[in-house]
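The next block is target_5.pdb, given as PDB, C-alpha atoms and all ligand atoms.
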MODEL        1
ATOM      1  CA  MET D  11      42.054  55.711   4.465
ATOM      2  CA  LEU D  12      40.204  56.815   1.285
ATOM      3  CA  LYS D  13      41.379  53.665  -0.516
ATOM      4  CA  LYS D  14      39.967  51.477   2.294
ATOM      5  CA  TYR D  15      36.661  53.370   2.251
ATOM      6  CA  LEU D  16      36.312  53.053  -1.531
ATOM      7  CA  ASN D  17      37.239  49.350  -1.396
ATOM      8  CA  LYS D  18      34.466  48.708   1.137
ATOM      9  CA  LYS D  19      31.946  50.670  -0.965
ATOM     10  CA  ILE D  20      32.853  48.683  -4.104
ATOM     11  CA  GLN D  21      32.643  45.369  -2.250
ATOM     12  CA  ARG D  22      29.191  46.350  -0.908
ATOM     13  CA  LEU D  23      28.018  47.305  -4.407
ATOM     14  CA  PHE D  24      29.032  43.901  -5.756
ATOM     15  CA  ILE D  25      26.930  42.058  -3.178
ATOM     16  CA  SER D  26      23.954  44.443  -3.233
ATOM     17  CA  LYS D  27      20.697  42.697  -4.243
ATOM     18  CA  ASN D  28      19.920  44.856  -7.271
ATOM     19  CA  PHE D  29      23.416  44.639  -8.700
ATOM     20  CA  MET D  30      23.380  40.859  -8.306
ATOM     21  CA  LYS D  31      19.969  40.664 -10.037
ATOM     22  CA  ILE D  32      21.504  42.358 -13.085
ATOM     23  CA  LEU D  33      24.432  39.908 -13.046
ATOM     24  CA  TYR D  34      22.036  36.962 -12.676
ATOM     25  CA  PHE D  35      20.183  38.087 -15.783
ATOM     26  CA  PHE D  36      23.518  38.483 -17.606
ATOM     27  CA  HIS D  37      24.551  34.904 -16.674
ATOM     28  CA  PHE D  38      21.099  33.589 -17.686
ATOM     29  CA  VAL D  39      21.400  35.103 -21.158
ATOM     30  CA  VAL D  40      25.026  34.108 -21.727
ATOM     31  CA  GLU D  41      24.988  30.462 -20.577
ATOM     32  CA  GLY D  42      22.838  29.782 -17.522
ATOM     33  CA  ARG D  43      19.576  28.934 -19.299
ATOM     34  CA  ASN D  44      21.136  25.905 -20.987
ATOM     35  CA  THR D  45      22.679  24.386 -17.890
ATOM     36  CA  LYS D  46      21.727  21.564 -15.542
ATOM     37  CA  GLU D  47      20.687  21.434 -11.888
ATOM     38  CA  ILE D  48      22.498  18.680  -9.946
ATOM     39  CA  ASN D  49      20.658  16.761  -7.260
ATOM     40  CA  ILE D  50      22.989  17.694  -4.404
ATOM     41  CA  SER D  51      21.846  18.220  -0.820
ATOM     42  CA  PHE D  52      23.954  18.826   2.286
ATOM     43  CA  ASP D  53      20.951  18.632   4.650
ATOM     44  CA  ASN D  54      21.898  15.389   6.400
ATOM     45  CA  LYS D  55      25.640  15.850   6.202
ATOM     46  CA  LYS D  56      28.115  16.945   8.865
ATOM     47  CA  LYS D  57      29.216  20.584   9.079
ATOM     48  CA  ARG D  58      32.760  21.797   8.347
ATOM     49  CA  THR D  59      33.191  22.837  11.992
ATOM     50  CA  GLN D  60      32.755  19.254  13.197
ATOM     51  CA  ILE D  61      34.730  17.717  10.332
ATOM     52  CA  VAL D  62      37.759  20.019  10.670
ATOM     53  CA  GLN D  63      37.866  19.680  14.471
ATOM     54  CA  ASN D  64      37.552  15.870  14.281
ATOM     55  CA  ILE D  65      40.483  15.671  11.870
ATOM     56  CA  ILE D  66      42.629  17.994  14.019
ATOM     57  CA  ASP D  67      41.866  15.799  17.059
ATOM     58  CA  ILE D  68      42.424  12.466  15.275
ATOM     59  CA  LYS D  69      45.762  13.586  13.816
ATOM     60  CA  ASN D  70      46.775  15.562  16.890
ATOM     61  CA  TYR D  71      47.521  18.520  14.634
ATOM     62  CA  LYS D  72      49.130  21.479  16.421
ATOM     63  CA  SER D  73      48.829  24.318  13.929
ATOM     64  CA  TYR D  74      45.854  25.633  11.924
ATOM     65  CA  LEU D  75      45.679  28.282   9.200
ATOM     66  CA  GLU D  76      42.382  29.556   7.773
ATOM     67  CA  ILE D  77      42.321  31.762   4.681
ATOM     68  CA  GLY D  78      39.121  33.810   4.662
ATOM     69  CA  THR D  79      37.495  33.888   8.092
ATOM     70  CA  PHE D  80      34.469  36.215   7.636
ATOM     71  CA  LYS D  81      32.391  35.988  10.862
ATOM     72  CA  ASP D  82      34.674  33.381  12.479
ATOM     73  CA  ASP D  83      31.975  30.680  12.249
ATOM     74  CA  LEU D  84      34.738  28.136  11.660
ATOM     75  CA  TYR D  85      37.807  29.956  12.988
ATOM     76  CA  GLY D  86      36.083  30.729  16.324
ATOM     77  CA  PHE D  87      34.992  27.089  16.713
ATOM     78  CA  ILE D  88      38.373  25.436  16.110
ATOM     79  CA  LYS D  89      40.533  24.377  19.042
ATOM     80  CA  CYS D  90      44.180  23.982  18.128
ATOM     81  CA  GLU D  91      47.463  24.962  19.816
ATOM     82  CA  LYS D  92      48.403  27.545  17.145
ATOM     83  CA  LYS D  93      45.688  29.280  15.096
ATOM     84  CA  ILE D  94      46.052  31.885  12.386
ATOM     85  CA  GLY D  95      43.107  33.340  10.492
ATOM     86  CA  VAL D  96      43.774  35.627   7.523
ATOM     87  CA  ASP D  97      41.143  37.977   6.088
ATOM     88  CA  PRO D  98      41.450  41.490   4.644
ATOM     89  CA  VAL D  99      38.009  42.472   5.977
ATOM     90  CA  SER D 100      36.789  40.560   9.051
ATOM     91  CA  GLY D 101      37.427  37.765  11.566
ATOM     92  CA  GLY D 102      40.627  35.858  12.264
ATOM     93  CA  ASN D 103      43.743  37.489  13.671
ATOM     94  CA  VAL D 104      45.633  38.712  10.574
ATOM     95  CA  ARG D 105      44.096  41.572   8.579
ATOM     96  CA  LYS D 106      45.661  40.905   5.149
ATOM     97  CA  THR D 107      44.895  39.302   1.810
ATOM     98  CA  SER D 108      46.191  35.736   1.529
ATOM     99  CA  ASP D 109      48.776  36.868  -1.071
ATOM    100  CA  ASN D 110      50.229  39.471   1.304
ATOM    101  CA  PHE D 111      50.155  37.035   4.189
ATOM    102  CA  PHE D 112      52.114  34.392   2.277
ATOM    103  CA  ILE D 113      54.720  36.914   1.068
ATOM    104  CA  GLU D 114      55.702  37.679   4.678
ATOM    105  CA  ASN D 115      54.922  34.316   6.289
ATOM    106  CA  ASN D 116      57.655  32.089   7.707
ATOM    107  CA  GLN D 117      55.550  29.598   9.697
ATOM    108  CA  SER D 118      54.362  26.182   8.584
ATOM    109  CA  PHE D 119      51.054  24.476   9.382
ATOM    110  CA  ASP D 120      49.508  21.025   9.905
ATOM    111  CA  PHE D 121      46.051  21.961   8.620
ATOM    112  CA  ILE D 122      45.205  24.718   6.141
ATOM    113  CA  PHE D 123      41.600  25.635   5.318
ATOM    114  CA  ILE D 124      41.217  27.630   2.076
ATOM    115  CA  ASP D 125      38.058  29.732   1.966
ATOM    116  CA  GLY D 126      39.054  33.230   0.777
ATOM    117  CA  LEU D 127      38.190  34.753  -2.583
ATOM    118  CA  HIS D 128      36.342  32.051  -4.570
ATOM    119  CA  HIS D 129      37.811  32.869  -7.970
ATOM    120  CA  TYR D 130      39.698  30.143  -9.847
ATOM    121  CA  ALA D 131      42.958  32.137 -10.197
ATOM    122  CA  GLN D 132      43.014  33.197  -6.522
ATOM    123  CA  VAL D 133      42.161  29.716  -5.234
ATOM    124  CA  LYS D 134      44.919  28.261  -7.402
ATOM    125  CA  LYS D 135      47.398  30.751  -5.890
ATOM    126  CA  ASP D 136      46.154  29.928  -2.384
ATOM    127  CA  ILE D 137      46.728  26.206  -3.037
ATOM    128  CA  ILE D 138      50.249  26.728  -4.435
ATOM    129  CA  ASN D 139      51.201  28.993  -1.509
ATOM    130  CA  SER D 140      49.628  26.671   1.071
ATOM    131  CA  LEU D 141      51.629  23.723  -0.234
ATOM    132  CA  LYS D 142      54.845  25.686   0.451
ATOM    133  CA  PHE D 143      53.938  26.015   4.130
ATOM    134  CA  LEU D 144      52.365  22.599   4.791
ATOM    135  CA  ASN D 145      54.073  20.348   7.345
ATOM    136  CA  LYS D 146      54.864  16.719   6.510
ATOM    137  CA  GLY D 147      51.723  14.667   7.186
ATOM    138  CA  GLY D 148      49.614  17.834   7.062
ATOM    139  CA  MET D 149      46.551  18.481   4.915
ATOM    140  CA  ILE D 150      44.780  21.197   2.975
ATOM    141  CA  MET D 151      40.996  21.462   2.885
ATOM    142  CA  MET D 152      39.126  23.730   0.485
ATOM    143  CA  HIS D 153      35.554  24.894   1.009
ATOM    144  CA  ASP D 154      32.934  25.247  -1.789
ATOM    145  CA  CYS D 155      34.027  22.564  -4.257
ATOM    146  CA  MET D 156      30.484  21.339  -5.081
ATOM    147  CA  PRO D 157      28.258  23.907  -6.805
ATOM    148  CA  ARG D 158      24.757  22.503  -7.455
ATOM    149  CA  ASN D 159      23.886  24.707 -10.407
ATOM    150  CA  TYR D 160      25.417  27.190 -12.818
ATOM    151  CA  TYR D 161      24.620  30.285 -10.744
ATOM    152  CA  TYR D 162      26.258  28.945  -7.578
ATOM    153  CA  GLN D 163      29.574  28.988  -9.391
ATOM    154  CA  ALA D 164      29.182  31.816 -11.922
ATOM    155  CA  VAL D 165      31.769  34.615 -11.795
ATOM    156  CA  PRO D 166      31.056  37.483 -11.282
ATOM    157  CA  ARG D 167      28.895  36.500  -8.310
ATOM    158  CA  SER D 168      25.169  36.857  -8.902
ATOM    159  CA  GLN D 169      23.604  35.438  -5.720
ATOM    160  CA  LEU D 170      24.289  35.468  -1.974
ATOM    161  CA  ASN D 171      24.806  31.704  -1.598
ATOM    162  CA  TRP D 172      27.837  31.256  -3.774
ATOM    163  CA  ASN D 173      30.678  28.750  -4.232
ATOM    164  CA  GLY D 174      32.489  30.585  -7.021
ATOM    165  CA  ASP D 175      34.598  28.592  -9.466
ATOM    166  CA  THR D 176      36.728  27.023  -6.730
ATOM    167  CA  TRP D 177      35.793  23.653  -8.305
ATOM    168  CA  LYS D 178      37.976  24.435 -11.341
ATOM    169  CA  ALA D 179      41.069  24.972  -9.178
ATOM    170  CA  PHE D 180      40.291  21.746  -7.317
ATOM    171  CA  LEU D 181      39.935  19.757 -10.555
ATOM    172  CA  GLU D 182      43.288  21.087 -11.700
ATOM    173  CA  VAL D 183      44.928  19.702  -8.535
ATOM    174  CA  ARG D 184      43.123  16.406  -9.163
ATOM    175  CA  THR D 185      45.251  16.030 -12.326
ATOM    176  CA  LYS D 186      48.589  16.290 -10.438
ATOM    177  CA  ASP D 187      50.207  12.936  -9.785
ATOM    178  CA  ASN D 188      52.150  14.150  -6.726
ATOM    179  CA  LEU D 189      49.038  15.198  -4.748
ATOM    180  CA  ASP D 190      46.319  12.877  -3.465
ATOM    181  CA  THR D 191      42.884  14.478  -3.704
ATOM    182  CA  TYR D 192      39.329  13.759  -2.549
ATOM    183  CA  CYS D 193      36.139  15.723  -2.129
ATOM    184  CA  CYS D 194      34.066  15.035   0.961
ATOM    185  CA  TYR D 195      30.316  15.202   0.271
ATOM    186  CA  ALA D 196      29.483  17.670   3.052
ATOM    187  CA  ASP D 197      29.079  21.411   3.663
ATOM    188  CA  GLU D 198      29.271  22.746   0.064
ATOM    189  CA  GLY D 199      31.959  20.196  -0.871
ATOM    190  CA  LEU D 200      35.211  19.938   1.074
ATOM    191  CA  GLY D 201      38.176  19.417  -1.230
ATOM    192  CA  VAL D 202      41.023  17.548   0.464
ATOM    193  CA  ILE D 203      44.671  17.670  -0.650
ATOM    194  CA  LEU D 204      47.215  15.265   0.842
ATOM    195  CA  ASN D 205      50.914  15.606   0.103
ATOM    196  CA  ARG D 206      51.539  12.138  -1.370
ATOM    197  CA  THR D 207      51.176  10.310  -4.704
ATOM    198  CA  ASN D 208      47.733  10.609  -6.264
ATOM    199  CA  ARG D 209      45.797   7.349  -5.807
ATOM    200  CA  ASN D 210      42.993   8.211  -8.212
ATOM    201  CA  LEU D 211      44.377  10.586 -10.810
ATOM    202  CA  LEU D 212      41.892  12.610 -12.874
ATOM    203  CA  LYS D 213      42.863  12.365 -16.508
ATOM    204  CA  LEU D 214      41.766  15.696 -17.940
ATOM    205  CA  ASN D 215      44.187  17.083 -20.451
ATOM    206  CA  LEU D 216      43.510  20.835 -20.467
ATOM    207  CA  ASP D 217      45.827  23.825 -20.694
ATOM    208  CA  ASN D 218      43.318  26.193 -19.093
ATOM    209  CA  PHE D 219      41.007  24.891 -16.372
ATOM    210  CA  LYS D 220      39.285  28.268 -16.132
ATOM    211  CA  LYS D 221      37.596  27.433 -19.453
ATOM    212  CA  LEU D 222      35.901  24.270 -18.119
ATOM    213  CA  LYS D 223      32.149  24.293 -18.682
ATOM    214  CA  PHE D 224      29.650  23.786 -15.873
ATOM    215  CA  ASN D 225      27.763  21.101 -17.848
ATOM    216  CA  ASP D 226      30.972  19.005 -18.134
ATOM    217  CA  TYR D 227      31.278  19.117 -14.368
ATOM    218  CA  ALA D 228      27.528  18.450 -13.892
ATOM    219  CA  ASN D 229      27.716  15.316 -16.074
ATOM    220  CA  ASN D 230      30.834  13.922 -14.347
ATOM    221  CA  TYR D 231      31.093  15.529 -10.914
ATOM    222  CA  LYS D 232      31.403  12.308  -8.880
ATOM    223  CA  GLU D 233      34.390  11.116 -10.899
ATOM    224  CA  TYR D 234      35.860  14.582 -11.433
ATOM    225  CA  LEU D 235      35.823  15.381  -7.713
ATOM    226  CA  ASN D 236      36.688  11.867  -6.457
ATOM    227  CA  LEU D 237      33.634  12.231  -4.253
ATOM    228  CA  ILE D 238      33.613  10.374  -0.921
ATOM    229  CA  GLU D 239      31.481  10.372   2.219
ATOM    230  CA  TYR D 240      32.731  11.684   5.560
ATOM    231  CA  GLU D 241      33.198   8.169   7.007
ATOM    232  CA  ASP D 242      35.499   7.219   4.114
ATOM    233  CA  LEU D 243      37.482  10.428   4.517
ATOM    234  CA  ILE D 244      38.108   9.620   8.172
ATOM    235  CA  LYS D 245      39.352   6.120   7.262
ATOM    236  CA  ILE D 246      41.776   7.660   4.738
ATOM    237  CA  ILE D 247      42.971  10.308   7.198
ATOM    238  CA  GLU D 248      43.520   7.750   9.978
ATOM    239  CA  LYS D 249      45.998   5.862   7.787
ATOM    240  CA  TYR D 250      47.685   8.993   6.359
ATOM    241  CA  GLU D 251      51.159   9.824   7.668
TER     242      GLU D 251
HETATM  243  C1  LIG D 301      33.078  32.580   2.606
HETATM  244  S1  LIG D 301      33.887  33.714   3.628
HETATM  245  C2  LIG D 301      34.814  32.695   4.735
HETATM  246  C3  LIG D 301      33.959  31.874   5.677
HETATM  247  C4  LIG D 301      34.714  31.175   6.797
HETATM  248  N1  LIG D 301      35.878  30.444   6.334
HETATM  249  C5  LIG D 301      33.795  30.184   7.483
HETATM  250  O1  LIG D 301      34.023  28.965   7.362
HETATM  251  O2  LIG D 301      32.846  30.620   8.157
HETATM  252  C6  LIG D 301      35.119  34.375   2.577
HETATM  253  C7  LIG D 301      36.026  35.406   3.239
HETATM  254  O3  LIG D 301      37.170  35.553   2.400
HETATM  255  C8  LIG D 301      37.638  36.859   2.551
HETATM  256  N2  LIG D 301      38.512  37.190   1.436
HETATM  257  C9  LIG D 301      38.209  37.775   0.258
HETATM  258  N3  LIG D 301      39.310  37.934  -0.485
HETATM  259  C10 LIG D 301      40.352  37.435   0.242
HETATM  260  C11 LIG D 301      41.741  37.317   0.019
HETATM  261  N4  LIG D 301      42.306  37.768  -1.108
HETATM  262  N5  LIG D 301      42.503  36.750   0.988
HETATM  263  C12 LIG D 301      41.947  36.287   2.124
HETATM  264  N6  LIG D 301      40.617  36.377   2.382
HETATM  265  C13 LIG D 301      39.837  36.943   1.457
HETATM  266  C14 LIG D 301      36.371  37.712   2.628
HETATM  267  O4  LIG D 301      36.650  38.941   3.255
HETATM  268  C15 LIG D 301      35.430  36.794   3.408
HETATM  269  O5  LIG D 301      35.400  37.175   4.761
ENDMDL
END
Let me see the structure of the file written as structure tokens.
Amino acid sequence: MLKKYLNKKIQRLFISKNFMKILYFFHFVVEGRNTKEINISFDNKKKRTQIVQNIIDIKNYKSYLEIGTFKDDLYGFIKCEKKIGVDPVSGGNVRKTSDNFFIENNQSFDFIFIDGLHHYAQVKKDIINSLKFLNKGGMIMMHDCMPRNYYYQAVPRSQLNWNGDTWKAFLEVRTKDNLDTYCCYADEGLGVILNRTNRNLLKLNLDNFKKLKFNDYANNYKEYLNLIEYEDLIKIIEKYE
């Protein structure tokens, strides 16, 4: 009881305006002031709700897992025969962290949406665990792969609109030759992982992707992410088995 209460208090502190202002200043001094702004806009792009539902309908997927559900904006919208939403705080139908969920889980899924804690190490774990429970012909989608400036992706979080360093975990998957990866230019960047040979391997020889610099990404993001438009994603998905 006390542990839960303290956890909530700490989480609230981390997203309080004044605390984030201090962190923003910290990031500015350390690295932020020398970084680029990328000309990215999602204004005329489709939303994740529409995109995820369209893919589920096209592929006739029967089972959906969402990691990190928050206010159920996506989870509540999705229509699918079996739905599981995992979040330690709110939304969904399983009140656990993704790690604890995967330890006890014995079900597999056609579509897995990763949108929990946006820290490189946690996202990487969520990807590895999701791959263990992905059905043949299924797909993983990851939210928040396209930060537009340094602060959107800086850890610890220093602003409300925040992608975290999810992009680093996605780039690491882009270097695996047994997984085919794309990023759809929509809704903060939707990373897509298909369980088949990589058709456009990213050749980045790094032992620690956490150390990647934002400016490297900013200079190369289209190639790094294998960026595609929604219409191209649908063509790829239609042919995927
Ligand atoms: C950005 S929100 C999710 C938004 C939601 N997917 C949507 O599309 O509207 C991130 C959520 O991840 C949850 N979260 C944080 N750490 C988590 C963890 N370790 N496992 C699962 N969820 C986590 C938070 O409680 C928060 O509700």
Residues matched by the PyMOL selection byres (((not hetatm)) within 7 of (chain D and resi 301)) as a tab-separated table (two decimals) with C-alpha atoms, in the coordinates of the input:
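Written output follows (expr24.tsv):
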chain	number	residue	atom	x	y	z
D	76	GLU	CA	42.38	29.56	7.77
D	77	ILE	CA	42.32	31.76	4.68
D	78	GLY	CA	39.12	33.81	4.66
D	79	THR	CA	37.49	33.89	8.09
D	80	PHE	CA	34.47	36.22	7.64
D	81	LYS	CA	32.39	35.99	10.86
D	82	ASP	CA	34.67	33.38	12.48
D	83	ASP	CA	31.98	30.68	12.25
D	84	LEU	CA	34.74	28.14	11.66
D	85	TYR	CA	37.81	29.96	12.99
D	96	VAL	CA	43.77	35.63	7.52
D	97	ASP	CA	41.14	37.98	6.09
D	98	PRO	CA	41.45	41.49	4.64
D	99	VAL	CA	38.01	42.47	5.98
D	100	SER	CA	36.79	40.56	9.05
D	106	LYS	CA	45.66	40.90	5.15
D	107	THR	CA	44.90	39.30	1.81
D	108	SER	CA	46.19	35.74	1.53
D	109	ASP	CA	48.78	36.87	-1.07
D	125	ASP	CA	38.06	29.73	1.97
D	126	GLY	CA	39.05	33.23	0.78
D	127	LEU	CA	38.19	34.75	-2.58
Hey, what's within 9 Å of Gln60 in chain D if we count all atoms listed in the file and toss same-chain stuff fewer than 5 positions away? As a list in words, please? Ile65, Phe87 and Ile88 of chain D
Residues within 9 Å of Leu237 in chain D, only C-alpha atoms, excluding chain neighbours under 6 positions, as a ChimeraX atom specification: /D:192-195,199,231
Could you save those same residues with C-alpha atoms as a JSON list (two decimals), in the frame of the given file?
[["chain", "number", "residue", "atom", "x", "y", "z"],
["D", 192, "TYR", "CA", 39.33, 13.76, -2.55],
["D", 193, "CYS", "CA", 36.14, 15.72, -2.13],
["D", 194, "CYS", "CA", 34.07, 15.04, 0.96],
["D", 195, "TYR", "CA", 30.32, 15.20, 0.27],
["D", 199, "GLY", "CA", 31.96, 20.20, -0.87],
["D", 231, "TYR", "CA", 31.09, 15.53, -10.91]]
Residues matched by the PyMOL selection byres (((chain D and resi 149) around 12) and not hetatm), written as a PyMOL selection string: chain D and resi 62+65-66+69+71+73-75+118-124+137+140-148+150-152+189-192+201-206+246-247+250-251
Closest of D:Ser51, D:Ser168, D:Gln163, D:Asn215 to Lys186 in chain D - atom-to-atom distances counting only C-alpha atoms: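 The answer is D:Asn215, which sits nearest to Lys186 in chain D.
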Quick one: which residues end up in the PyMOL selection byres (((chain D and resi 92) around 8) and not hetatm) for this structure, as JSON, numbers by chain? {"D": [72, 73, 74, 90, 91, 93, 94]}
Write a file of the selected residues as a PDB file, in the coordinates of the input, keeping C-alpha atoms.
ATOM      1  CA  LYS D  72      49.130  21.479  16.421  1.00  0.00           C
ATOM      2  CA  SER D  73      48.829  24.318  13.929  1.00  0.00           C
ATOM      3  CA  TYR D  74      45.854  25.633  11.924  1.00  0.00           C
ATOM      4  CA  CYS D  90      44.180  23.982  18.128  1.00  0.00           C
ATOM      5  CA  GLU D  91      47.463  24.962  19.816  1.00  0.00           C
ATOM      6  CA  LYS D  93      45.688  29.280  15.096  1.00  0.00           C
ATOM      7  CA  ILE D  94      46.052  31.885  12.386  1.00  0.00           C
TER       8      ILE D  94
END
Interatomic distance (Å, one decimal) between CA of His128 in chain D and CA of Phe29 in chain D: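 CA of Phe29 in chain D lies at a distance of 18.5 Å from CA of His128 in chain D.
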Figure out the distance between CA of Asn64 in chain D and CA of Glu248 in chain D, please, to one decimal in Å.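 Atom-to-atom, CA of Glu248 in chain D and CA of Asn64 in chain D are spaced 11.0 Å apart.
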Go through D:Pro166, D:Phe180, D:Thr185, D:Phe38 and flag the residue nearest Lys135 in chain D, using only C-alpha atoms for the distances.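 Using only C-alpha atoms, Lys135 in chain D sits closest to D:Phe180.
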For a quick check of understanding, using only C-alpha atoms, which of D:Glu239, D:Met30, D:Arg184, D:Asn230 has the smallest distance to Phe52 in chain D?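 That would be D:Glu239, the residue with the smallest distance to Phe52 in chain D.
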Counting all atoms listed in the file, which residues of range 63-151 of chain D fall within 10 Å of range 220-228 of chain D, and what is the closest atom pair for each with its distance in Å at one decimal, ordered by chain and rising number, as JSON lines?
{"residue": "D:His129", "atom": "CA", "partner": "D:Lys220", "partner_atom": "CA", "distance": 9.5}
{"residue": "D:Tyr130", "atom": "CA", "partner": "D:Lys220", "partner_atom": "CA", "distance": 6.6}
{"residue": "D:Ala131", "atom": "CA", "partner": "D:Lys220", "partner_atom": "CA", "distance": 8.0}
Is it possible to get the residues within 12 Å of (20.9, 36.0, -15.2) (coordinates as in the file, counting all atoms listed in the file) written as a list in words?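 Within the cut-off we find Asn28, Phe29, Met30, Lys31, Ile32, Leu33, Tyr34, Phe35, Phe36, His37, Phe38, Val39, Val40, Glu41, Gly42, Arg43, Asn44, Tyr160, Tyr161, Tyr162, Ala164, Val165, Pro166, Arg167, Ser168 and Gln169 of chain D.
Considering the residues D:Leu170, D:Leu216, D:Cys155, D:Leu16 and counting all atoms listed in the file, Asn236 in chain D has its shortest atom-to-atom contact with D:Cys155.
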Could you complete range 149-162 of chain D so that it carries N, CA and C atoms, and give it back as an mmCIF file, in the frame of the given file?
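The resulting rebuild_36.cif:
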data_model
loop_
_atom_site.group_PDB
_atom_site.id
_atom_site.type_symbol
_atom_site.label_atom_id
_atom_site.label_comp_id
_atom_site.auth_asym_id
_atom_site.auth_seq_id
_atom_site.Cartn_x
_atom_site.Cartn_y
_atom_site.Cartn_z
ATOM 1 N N MET D 149 47.534 18.500 6.008
ATOM 2 C CA MET D 149 46.551 18.481 4.915
ATOM 3 C C MET D 149 45.934 19.849 4.651
ATOM 4 N N ILE D 150 45.492 19.980 3.393
ATOM 5 C CA ILE D 150 44.780 21.197 2.975
ATOM 6 C C ILE D 150 43.329 20.816 2.734
ATOM 7 N N MET D 151 42.420 21.665 3.200
ATOM 8 C CA MET D 151 40.996 21.462 2.885
ATOM 9 C C MET D 151 40.479 22.741 2.239
ATOM 10 N N MET D 152 39.674 22.571 1.195
ATOM 11 C CA MET D 152 39.126 23.730 0.485
ATOM 12 C C MET D 152 37.602 23.711 0.556
ATOM 13 N N HIS D 153 37.025 24.821 0.946
ATOM 14 C CA HIS D 153 35.554 24.894 1.009
ATOM 15 C C HIS D 153 34.980 25.125 -0.398
ATOM 16 N N ASP D 154 33.682 24.824 -0.590
ATOM 17 C CA ASP D 154 32.934 25.247 -1.789
ATOM 18 C C ASP D 154 33.338 24.570 -3.089
ATOM 19 N N CYS D 155 33.628 23.278 -3.034
ATOM 20 C CA CYS D 155 34.027 22.564 -4.257
ATOM 21 C C CYS D 155 32.849 21.937 -5.009
ATOM 22 N N MET D 156 31.614 22.043 -4.456
ATOM 23 C CA MET D 156 30.484 21.339 -5.081
ATOM 24 C C MET D 156 29.296 22.242 -5.413
ATOM 25 N N PRO D 157 29.431 23.097 -6.421
ATOM 26 C CA PRO D 157 28.258 23.907 -6.805
ATOM 27 C C PRO D 157 27.139 23.017 -7.338
ATOM 28 N N ARG D 158 25.886 23.362 -7.019
ATOM 29 C CA ARG D 158 24.757 22.503 -7.455
ATOM 30 C C ARG D 158 24.096 22.993 -8.734
ATOM 31 N N ASN D 159 24.351 24.249 -9.090
ATOM 32 C CA ASN D 159 23.886 24.707 -10.407
ATOM 33 C C ASN D 159 24.817 25.806 -10.925
ATOM 34 N N TYR D 160 24.547 26.232 -12.127
ATOM 35 C CA TYR D 160 25.417 27.190 -12.818
ATOM 36 C C TYR D 160 25.638 28.474 -12.006
ATOM 37 N N TYR D 161 24.544 28.975 -11.402
ATOM 38 C CA TYR D 161 24.620 30.285 -10.744
ATOM 39 C C TYR D 161 25.431 30.236 -9.448
ATOM 40 N N TYR D 162 25.459 29.083 -8.801
ATOM 41 C CA TYR D 162 26.258 28.945 -7.578
ATOM 42 C C TYR D 162 27.744 29.156 -7.853
#
